[in-house]
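Source file: work10.txt; contents: compact mmCIF, C-alpha atoms and all ligand atoms.
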# COMPACT_ATOMS: atom_id res chain seq x y z
CA MET A 1 101.14 65.96 91.53
CA ARG A 2 97.70 67.50 91.98
CA GLN A 3 94.86 65.78 90.17
CA GLY A 4 92.90 67.70 87.54
CA ASP A 5 95.15 70.77 87.51
CA PRO A 6 96.60 71.33 84.01
CA TRP A 7 99.36 73.55 85.40
CA ALA A 8 100.49 71.18 88.13
CA TRP A 9 103.49 70.02 86.04
CA LEU A 10 104.78 73.60 85.96
CA PHE A 11 103.98 74.40 89.62
CA PRO A 12 104.52 71.14 91.51
CA TRP A 13 104.24 72.78 94.92
CA PRO A 14 100.71 73.46 96.20
CA PRO A 15 99.41 77.05 96.33
CA TYR A 16 99.44 78.70 99.74
CA CYS A 17 97.12 81.15 101.47
CA LEU A 18 98.27 84.77 101.08
CA GLY A 19 96.90 85.51 104.54
CA CYS A 20 98.31 82.77 106.77
CA GLY A 21 100.59 80.73 104.53
CA VAL A 22 98.75 77.41 104.94
CA GLU A 23 99.05 75.14 101.89
CA LEU A 24 95.92 74.89 99.73
CA PRO A 25 96.35 71.77 97.56
CA GLY A 26 92.97 72.21 95.82
CA ALA A 27 93.41 75.86 94.81
CA PRO A 28 94.29 76.86 91.24
CA VAL A 29 97.90 77.92 90.75
CA THR A 30 97.10 80.72 88.33
CA CYS A 31 95.81 83.20 90.92
CA PRO A 32 96.84 84.04 94.50
CA ALA A 33 94.67 82.02 96.87
CA ILE A 34 93.17 82.54 100.30
CA CYS A 35 91.96 79.96 102.81
CA PRO A 36 88.34 79.98 104.07
CA THR A 37 89.36 81.29 107.51
CA CYS A 38 91.29 84.25 106.07
CA HIS A 39 88.57 84.82 103.47
CA ARG A 40 86.02 85.28 106.25
CA GLN A 41 88.28 87.93 107.81
CA VAL A 42 88.91 89.78 104.54
CA ALA A 43 85.22 89.75 103.59
CA PHE A 44 84.00 90.68 107.06
CA ARG A 45 81.19 93.19 106.78
CA PRO A 46 78.95 94.18 109.66
CA ARG A 47 75.27 93.97 108.79
CA SER A 48 74.78 97.66 109.48
CA ARG A 49 76.54 99.69 106.77
CA CYS A 50 76.16 103.03 105.01
CA PRO A 51 74.09 102.42 101.84
CA SER A 52 76.18 104.96 99.94
CA CYS A 53 79.81 104.20 100.83
CA ASP A 54 79.54 100.73 102.46
CA ARG A 55 81.13 102.06 105.66
CA PRO A 56 80.26 100.16 108.83
CA ALA A 57 77.66 102.10 110.77
CA TRP A 58 76.25 101.73 114.21
CA LEU A 59 72.82 100.20 114.49
CA ALA A 60 71.32 103.62 115.23
CA GLU A 61 72.36 104.69 111.74
CA ALA A 62 71.20 101.53 109.98
CA GLY A 63 69.86 102.33 106.52
CA ARG A 64 70.95 105.99 106.70
CA PRO A 65 74.00 107.52 105.03
CA CYS A 66 76.96 107.82 107.39
CA SER A 67 78.09 111.21 108.73
CA GLU A 68 80.86 111.47 106.09
CA CYS A 69 78.32 110.95 103.29
CA ARG A 70 75.90 113.39 104.88
CA ASN A 71 78.68 116.01 104.93
CA LEU A 72 79.90 115.21 101.45
CA GLY A 73 76.73 114.59 99.48
CA PRO A 74 78.52 111.96 97.38
CA PRO A 75 78.06 112.24 93.61
CA TRP A 76 78.38 108.48 93.05
CA GLN A 77 75.58 105.93 92.78
CA ALA A 78 77.07 103.54 95.32
CA VAL A 79 80.43 102.34 96.60
CA ARG A 80 81.15 98.76 97.65
CA ALA A 81 84.13 97.59 99.71
CA LEU A 82 85.48 94.20 100.68
CA GLY A 83 85.28 95.26 104.32
CA PRO A 84 86.51 97.70 106.98
CA TYR A 85 90.13 98.85 106.82
CA ASP A 86 91.39 96.68 109.62
CA GLY A 87 92.83 93.30 110.51
CA LEU A 88 93.92 91.00 107.72
CA LEU A 89 92.40 93.16 104.96
CA ARG A 90 94.47 96.14 106.15
CA ARG A 91 97.63 94.03 106.36
CA LEU A 92 97.09 92.76 102.80
CA ILE A 93 96.62 96.31 101.50
CA LEU A 94 99.79 97.48 103.27
CA ARG A 95 101.72 94.52 101.83
CA MET A 96 100.42 95.43 98.37
CA LYS A 97 101.38 99.10 98.66
CA TYR A 98 104.52 99.17 100.78
CA GLY A 99 105.67 95.58 101.19
CA GLU A 100 106.85 94.98 97.62
CA GLU A 101 104.06 92.44 97.15
CA PRO A 102 101.96 94.05 94.43
CA TYR A 103 100.68 90.58 93.41
CA VAL A 104 98.34 90.82 96.41
CA ALA A 105 96.29 93.02 94.06
CA ALA A 106 95.45 89.92 92.01
CA LEU A 107 93.67 88.44 95.03
CA LEU A 108 91.97 91.66 96.15
CA GLY A 109 90.96 92.52 92.56
CA ARG A 110 89.36 89.11 92.12
CA LEU A 111 87.45 89.45 95.40
CA LEU A 112 86.34 92.95 94.35
CA ALA A 113 85.07 91.55 91.03
CA GLU A 114 82.90 89.11 93.00
CA ARG A 115 81.75 91.95 95.25
CA VAL A 116 80.40 94.01 92.33
CA ALA A 117 79.29 91.08 90.15
CA ALA A 118 75.66 92.23 90.26
CA TRP A 119 76.46 95.65 88.80
CA PRO A 120 76.13 96.37 85.03
CA ARG A 121 78.54 94.55 82.76
CA ASP A 122 79.23 97.63 80.63
CA LEU A 123 80.82 99.61 83.47
CA LEU A 124 84.07 101.16 82.28
CA VAL A 125 86.70 100.38 84.93
CA VAL A 126 88.76 103.48 85.83
CA PRO A 127 91.48 103.50 88.51
CA ILE A 128 92.20 106.53 90.71
CA PRO A 129 95.52 107.81 89.30
CA LEU A 130 98.61 108.48 91.38
CA HIS A 131 100.49 111.74 91.05
CA PRO A 132 103.47 111.19 88.67
CA VAL A 133 105.93 111.92 91.49
CA ARG A 134 104.31 109.33 93.76
CA LEU A 135 104.17 106.88 90.85
CA ARG A 136 107.91 107.25 90.33
CA GLU A 137 108.54 106.70 94.03
CA ARG A 138 106.41 103.58 94.32
CA GLY A 139 106.89 102.22 90.82
CA PHE A 140 103.26 101.15 90.42
CA ASN A 141 99.75 102.39 91.05
CA GLN A 142 97.96 100.01 93.40
CA ALA A 143 94.55 101.26 92.23
CA LEU A 144 95.48 100.37 88.65
CA LEU A 145 96.57 96.87 89.71
CA LEU A 146 93.25 96.36 91.51
CA ALA A 147 91.28 97.78 88.57
CA ALA A 148 93.14 95.67 86.01
CA ASN A 149 92.46 92.47 87.94
CA LEU A 150 88.84 93.42 88.58
CA ALA A 151 88.32 94.18 84.88
CA ARG A 152 90.05 90.99 83.73
CA VAL A 153 88.09 88.70 86.05
CA SER A 154 84.72 90.36 85.40
CA GLY A 155 85.19 90.84 81.65
CA ARG A 156 84.77 94.60 81.85
CA LEU A 157 86.71 97.18 79.84
CA LEU A 158 89.66 98.89 81.58
CA ALA A 159 90.45 102.57 80.94
CA PRO A 160 93.73 103.05 82.84
CA HIS A 161 94.39 106.61 81.66
CA ALA A 162 90.91 108.11 81.73
CA LEU A 163 91.84 110.47 84.56
CA ARG A 164 94.95 112.42 85.37
CA ARG A 165 95.98 113.76 88.72
CA LEU A 166 96.62 117.47 88.64
CA ARG A 167 98.41 117.74 91.94
CA ARG A 168 99.23 115.96 95.13
CA ALA A 169 96.65 116.85 97.71
CA PRO A 170 98.18 118.56 100.78
CA PRO A 171 97.42 116.93 104.14
CA GLN A 172 93.73 117.48 104.76
CA ALA A 173 94.12 117.32 108.50
CA MET A 174 95.63 120.79 108.37
CA LEU A 175 92.63 122.28 106.60
CA GLY A 176 89.20 123.34 107.80
CA ALA A 177 86.07 121.58 106.61
CA ALA A 178 85.29 124.05 103.81
CA ALA A 179 88.91 124.14 102.67
CA ARG A 180 89.04 120.36 102.69
CA ARG A 181 86.13 120.18 100.32
CA SER A 182 87.64 122.65 97.83
CA ASN A 183 91.00 120.98 98.35
CA VAL A 184 89.77 117.80 96.68
CA GLU A 185 87.60 119.33 94.03
CA ALA A 186 90.42 120.17 91.61
CA VAL A 187 92.68 117.18 92.15
CA PHE A 188 91.62 115.24 89.02
CA ALA A 189 90.76 116.08 85.45
CA PRO A 190 89.66 113.95 82.51
CA ARG A 191 92.06 113.50 79.63
CA PRO A 192 91.67 116.48 77.28
CA GLY A 193 89.20 115.85 74.51
CA TRP A 194 87.92 112.64 76.10
CA ARG A 195 84.16 112.16 75.94
CA LEU A 196 82.40 109.27 77.60
CA GLY A 197 79.02 109.67 75.93
CA GLY A 198 76.97 108.69 78.98
CA ARG A 199 78.85 105.46 79.61
CA PRO A 200 78.61 104.25 83.21
CA VAL A 201 81.92 104.06 85.07
CA LEU A 202 83.31 101.99 87.93
CA LEU A 203 86.00 103.91 89.85
CA VAL A 204 88.52 101.75 91.70
CA ASP A 205 90.73 102.69 94.65
CA ASP A 206 92.41 100.86 97.51
CA VAL A 207 91.06 102.66 100.59
CA LEU A 208 88.14 105.04 101.01
CA THR A 209 88.55 107.41 103.95
CA THR A 210 86.47 110.59 103.76
CA GLY A 211 85.31 109.87 100.21
CA ARG A 212 86.55 113.23 98.92
CA THR A 213 89.14 111.71 96.59
CA LEU A 214 86.53 109.48 94.99
CA ALA A 215 84.06 112.37 94.83
CA SER A 216 86.61 114.54 93.01
CA ALA A 217 87.34 111.80 90.48
CA CYS A 218 83.62 111.28 90.08
CA GLN A 219 83.08 114.94 89.26
CA ALA A 220 85.91 114.90 86.73
CA LEU A 221 84.34 111.91 85.00
CA ARG A 222 80.91 113.53 84.95
CA ALA A 223 82.54 116.58 83.33
CA ALA A 224 83.77 114.24 80.60
CA GLY A 225 80.24 113.05 79.96
CA ALA A 226 80.21 109.87 82.04
CA GLY A 227 76.90 108.30 83.00
CA PRO A 228 76.30 106.97 86.51
CA VAL A 229 79.53 106.48 88.46
CA PHE A 230 79.97 103.57 90.87
CA GLY A 231 82.90 102.86 93.14
CA ALA A 232 84.78 99.73 94.25
CA VAL A 233 87.37 99.98 97.01
CA ALA A 234 89.33 97.26 98.74
CA ALA A 235 88.55 98.72 102.17
CA VAL A 236 86.69 101.57 103.81
CA THR A 237 87.76 103.18 107.08
CA PRO A 238 85.13 102.67 109.76
CA LEU A 239 83.64 105.46 111.84
CA TRP A 240 83.14 104.68 115.49
CA PRO A 241 81.32 106.72 118.07
CA GLY A 242 83.80 108.96 119.81
CA ALA A 243 86.54 108.21 117.30
CA ALA A 244 88.16 111.01 115.39
CA SER A 245 87.18 111.34 111.77
CA PRO A 246 89.92 109.92 109.52
CA ALA A 247 90.23 113.35 107.92
CA ALA A 248 90.96 114.86 111.30
CA SER A 249 93.57 112.30 112.24
CA VAL A 250 97.23 113.15 112.25
CA PRO A 251 98.81 112.26 108.91
CA VAL A 252 101.92 110.12 108.69
CA PRO A 253 104.84 112.39 107.74
CA GLY A 254 105.72 112.10 104.08
CA ARG A 255 102.52 110.35 103.09
CA ASP A 256 99.36 111.65 101.51
CA PRO A 257 96.21 111.70 103.62
CA GLY A 258 94.28 108.54 103.02
CA GLU A 259 97.40 106.59 102.23
CA GLU A 260 97.56 105.15 105.71
CA PRO A 261 95.11 106.88 108.03
CA ALA A 262 95.82 106.92 111.73
CA ARG A 263 94.13 104.20 113.73
CA ALA A 264 90.84 105.28 115.14
CA TRP A 265 89.55 102.22 116.94
CA ALA A 266 90.36 99.23 119.09
CA GLY A 267 91.79 96.11 117.51
CA SER A 268 94.78 97.85 116.03
CA SER A 269 97.26 95.74 117.94
CA SER A 270 96.34 92.68 115.89
CA ASP A 271 97.65 94.41 112.79
CA ARG A 272 101.18 94.43 114.04
CA ALA A 273 101.17 90.83 115.12
CA GLY A 274 102.90 89.64 111.97
CA ALA A 275 101.55 87.72 109.01
CA GLY A 276 99.54 85.18 110.97
CA PRO A 277 95.73 85.05 110.78
CA ALA A 278 95.25 87.20 113.86
CA VAL A 279 91.65 88.02 114.63
CA GLY A 280 91.10 91.69 113.74
CA GLY A 281 88.99 94.16 115.65
CA GLY A 282 86.23 93.68 113.10
CA ALA A 283 85.97 90.01 114.01
CA LEU A 284 86.09 90.89 117.69
CA LEU A 285 83.13 93.17 117.22
CA GLY A 286 81.31 90.65 115.07
CA GLY A 287 79.31 89.41 118.02
CA LEU A 288 78.03 92.94 118.57
CA TRP A 289 77.35 93.77 114.98
CA GLY A 290 76.54 90.64 113.07
CA ASP A 291 78.16 87.90 111.13
CA ALA A 292 80.64 88.00 108.32
CA GLU A 293 78.60 88.02 105.16
CA GLY A 294 79.06 86.20 101.89
CA LEU A 295 80.70 88.14 99.10
CA ARG A 296 77.64 87.94 96.91
CA GLN A 297 75.53 90.04 99.25
CA SER A 298 75.61 93.73 98.50
ZN ZN B 301 94.70 81.67 105.46
ZN ZN B 302 78.75 106.71 103.82

In structure tokens, how does this file's structure come out?
Amino acid sequence: MRQGDPWAWLFPWPPYCLGCGVELPGAPVTCPAICPTCHRQVAFRPRSRCPSCDRPAWLAEAGRPCSECRNLGPPWQAVRALGPYDGLLRRLILRMKYGEEPYVAALLGRLLAERVAAWPRDLLVVPIPLHPVRLRERGFNQALLLAANLARVSGRLLAPHALRRLRRAPPQAMLGAAARRSNVEAVFAPRPGWRLGGRPVLLVDDVLTTGRTLASACQALRAAGAGPVFGAVAAVTPLWPGAASPAASVPVPGRDPGEEPARAWAGSSSDRAGAGPAVGGGALLGGLWGDAEGLRQS
């Protein structure tokens, strides 16, 4: 029996790490836990990142918006991510979305709440909605699970139905740059008659690729009278010199773009190595780019 844990009588077995499965006797049983080693992998963020979308950037671009943000002109104030879409963080997101383990969202939502702890307390938490057809297929909206856990942990108000998705976006890889932009612009709309009265909003999604989905949702919220819009995503796809833009990558048949973008950089093999705490490409490049940072740094 664990000392000092009021729920130990109900859960006599110790909690285990969601990343590597190691037992964590000191962790609370009321929330999915992660060991320090896996936590460092999930919260890996190179020092050099885009100030607008939190995307890892090469040192030459330090302090400047990344190429995706320069193309897009993002309407949000800032986006923060747990880390690059790779390694253990990517595996956890895939388990949450496709592996019938939606409870992973409790862990990622809690880590996201820590990531945006410094932002205003009155942010209204709004998840990116799924199209109704996709929602029926999957049975849950992973962005809503993340948003609900973020809101609960941080004490912010959740607005799960603030936005509606008008249509499923066709694969953006098949469109030109101008068409891609207009393709996203009409994907979301605010609920009819809904007015936000200048309230600031925190949009939540699982993965940020080009940023066009978030930008479209942002514009819909601004049309409903929202104040400044921030974004929190579990992961952001990195851009590497010479790598194809995620928007230009070949989509997986039957999936929306951005659902699972094609791999664009080295280190991908670690993702298929099973559930063990394999060192992701981000960690491999850590020596080049910098150390894993604490969650409280923005
Ligand atoms: Zn672990
Ligand atoms: Zn950016």

Note to self: At a cut-off of 12 Å around ligand ZN 302 (chain B), and using only C-alpha atoms and all ligand atoms, what residues come up? Please write them as JSON, numbers by chain.
What the structure shows: {"A": [48, 49, 50, 51, 52, 53, 54, 55, 56, 57, 58, 61, 62, 63, 64, 65, 66, 67, 68, 69, 70, 71, 72, 73, 74, 75, 76, 77, 78, 79, 80, 81, 208, 209, 210, 211, 212, 215, 236, 237, 238, 239]}

Next item on the list: Using only C-alpha atoms, give me every residue within 10 Å of (91.8, 84.6, 97.3) in file coordinates, as a list in words.
Entry: Tyr16, Cys17, Leu18, Gly19, Ala27, Cys31, Pro32, Ala33, Ile34, Cys35, Pro36, Cys38, His39, Val42, Val104, Ala106, Leu107, Leu108, Gly109, Arg110 and Leu111 of chain A

Margin query: Here is a test: counting only C-alpha atoms, which residue of A:Pro190, A:Leu203, A:Arg45, A:Ala232 is nearest to Ala117 (chain A)?
Written below: A:Ala232

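Distances here use only C-alpha atoms; by that measure, the residue among A:Arg47, A:Arg168, A:Arg121, A:Arg40 closest to Thr213 (chain A) is A:Arg168.
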
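Residue nearest Asn149 (chain A) within the list A:Leu89, A:Asp122, A:Ala105, A:His131: A:Ala105 [criterion: smallest interatomic distance, all atoms listed in the file].
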
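Picture a line from CA of Cys218 (chain A) to CA of Arg165 (chain A); it runs 12.7 Å.
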
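Minimum distance to ligand ZN 301 (chain B) across A:Pro14, A:Val153, A:Thr37, A:Ser216 (counting only C-alpha atoms and all ligand atoms) occurs at A:Thr37.
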
Check: Using all atoms listed in the file, which of A:Leu157, A:Val29, A:Val126, A:Leu92 sits nearest ligand ZN 301 (chain B)?
Finding: A:Leu92

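Nearest to ligand ZN 301 (chain B) of all the residues A:Gly193, A:Gly21, A:Gly26, A:Pro15 is A:Gly21, counting all atoms listed in the file.
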